[in-house]
Amino acid sequence: MPGGKVEGEESRRFNFAVGVEKSGPVRLSEHDSHLWVPLDEQPPVTDAVEEILRIHRRFHQA
C-alpha cells in the first residue's frame with residue numbers, strides 16, 4: 001500500500017471523495033503520496049477505509 005503503515009506505527013490519513021473532470025499533476029507540499037481511484041475499482045486501503053468506501057458507494061452508485 002502506498003505510504004503503508006508499519007504494524008504498531010500510528011498514522012493519520014485524510015480521505016476525500018470528489019468528482020473531477022480529469023485528473024492532472026498533483027503537487028504535494030505536506031504529504032508524501034496521493035492516489036486517484038475510481039469508486040468502481042478496489043484501491044489498496046486498510047479494512048477501515050474500505051468500510052468507509054463501501055458506505056459511500058451505497059449512496060453514490062452510478
# chains A, B, ... in the order shown; residues from 1 in each chain; ligands from 1

$ residues_around --residues "stretch 32-39 of chain A" --least-positions-apart "3" --cutoff "9 Å" --atoms "only C-alpha atoms" --output "list in words"
Pro2, Gly3, Ala17, Ser23, Val26, Leu28, Ser29, Gln42, Pro43, Leu53, His56, Arg57 and Gln61 of chain A

$ atom_distance --atom1 "atom CA of A:Arg13" --atom2 "atom CA of A:Ile52"
12.8 Å

$ select_by_dssp --residues "chain A" --states "alpha helix (DSSP H)" --output "list in words"
Asp47, Ala48, Val49, Glu50, Glu51, Ile52, Leu53, Arg54, Ile55, His56, Arg57, Arg58 and Phe59 of chain A

$ write_last_selection --atoms "N, CA, C and O atoms" --output "PDB file, in the first residue's frame"
ATOM      1  N   ASP A  47      -8.715  -2.042   5.928  1.00  0.00           N
ATOM      2  CA  ASP A  47     -10.094  -2.508   6.102  1.00  0.00           C
ATOM      3  C   ASP A  47     -11.006  -1.379   6.581  1.00  0.00           C
ATOM      4  O   ASP A  47     -12.154  -1.283   6.156  1.00  0.00           O
ATOM      5  N   ALA A  48     -10.488  -0.515   7.444  1.00  0.00           N
ATOM      6  CA  ALA A  48     -11.300   0.595   7.961  1.00  0.00           C
ATOM      7  C   ALA A  48     -11.684   1.564   6.848  1.00  0.00           C
ATOM      8  O   ALA A  48     -12.839   1.997   6.760  1.00  0.00           O
ATOM      9  N   VAL A  49     -10.748   1.889   5.965  1.00  0.00           N
ATOM     10  CA  VAL A  49     -11.046   2.791   4.847  1.00  0.00           C
ATOM     11  C   VAL A  49     -11.960   2.089   3.842  1.00  0.00           C
ATOM     12  O   VAL A  49     -12.864   2.709   3.284  1.00  0.00           O
ATOM     13  N   GLU A  50     -11.774   0.813   3.634  1.00  0.00           N
ATOM     14  CA  GLU A  50     -12.647   0.067   2.721  1.00  0.00           C
ATOM     15  C   GLU A  50     -14.093   0.110   3.208  1.00  0.00           C
ATOM     16  O   GLU A  50     -15.013   0.232   2.408  1.00  0.00           O
ATOM     17  N   GLU A  51     -14.311   0.032   4.506  1.00  0.00           N
ATOM     18  CA  GLU A  51     -15.669   0.128   5.047  1.00  0.00           C
ATOM     19  C   GLU A  51     -16.275   1.498   4.735  1.00  0.00           C
ATOM     20  O   GLU A  51     -17.441   1.613   4.366  1.00  0.00           O
ATOM     21  N   ILE A  52     -15.485   2.551   4.873  1.00  0.00           N
ATOM     22  CA  ILE A  52     -15.955   3.899   4.526  1.00  0.00           C
ATOM     23  C   ILE A  52     -16.328   3.957   3.051  1.00  0.00           C
ATOM     24  O   ILE A  52     -17.362   4.513   2.673  1.00  0.00           O
ATOM     25  N   LEU A  53     -15.510   3.369   2.189  1.00  0.00           N
ATOM     26  CA  LEU A  53     -15.801   3.361   0.753  1.00  0.00           C
ATOM     27  C   LEU A  53     -17.064   2.560   0.437  1.00  0.00           C
ATOM     28  O   LEU A  53     -17.856   2.964  -0.418  1.00  0.00           O
ATOM     29  N   ARG A  54     -17.273   1.431   1.122  1.00  0.00           N
ATOM     30  CA  ARG A  54     -18.494   0.640   0.900  1.00  0.00           C
ATOM     31  C   ARG A  54     -19.733   1.471   1.230  1.00  0.00           C
ATOM     32  O   ARG A  54     -20.709   1.476   0.470  1.00  0.00           O
ATOM     33  N   ILE A  55     -19.690   2.197   2.323  1.00  0.00           N
ATOM     34  CA  ILE A  55     -20.824   3.041   2.705  1.00  0.00           C
ATOM     35  C   ILE A  55     -21.015   4.150   1.674  1.00  0.00           C
ATOM     36  O   ILE A  55     -22.132   4.410   1.223  1.00  0.00           O
ATOM     37  N   HIS A  56     -19.934   4.779   1.271  1.00  0.00           N
ATOM     38  CA  HIS A  56     -20.018   5.859   0.277  1.00  0.00           C
ATOM     39  C   HIS A  56     -20.596   5.342  -1.048  1.00  0.00           C
ATOM     40  O   HIS A  56     -21.443   5.995  -1.656  1.00  0.00           O
ATOM     41  N   ARG A  57     -20.146   4.173  -1.477  1.00  0.00           N
ATOM     42  CA  ARG A  57     -20.643   3.599  -2.746  1.00  0.00           C
ATOM     43  C   ARG A  57     -22.144   3.355  -2.701  1.00  0.00           C
ATOM     44  O   ARG A  57     -22.830   3.525  -3.700  1.00  0.00           O
ATOM     45  N   ARG A  58     -22.665   2.938  -1.543  1.00  0.00           N
ATOM     46  CA  ARG A  58     -24.106   2.701  -1.421  1.00  0.00           C
ATOM     47  C   ARG A  58     -24.918   3.960  -1.721  1.00  0.00           C
ATOM     48  O   ARG A  58     -26.004   3.882  -2.267  1.00  0.00           O
ATOM     49  N   PHE A  59     -24.401   5.106  -1.330  1.00  0.00           N
ATOM     50  CA  PHE A  59     -25.123   6.365  -1.515  1.00  0.00           C
ATOM     51  C   PHE A  59     -24.796   7.079  -2.812  1.00  0.00           C
ATOM     52  O   PHE A  59     -25.476   8.029  -3.178  1.00  0.00           O
TER      53      PHE A  59
END

$ atom_distance --atom1 "atom CA of A:Lys22" --atom2 "atom CA of A:Pro44"
21.1 Å
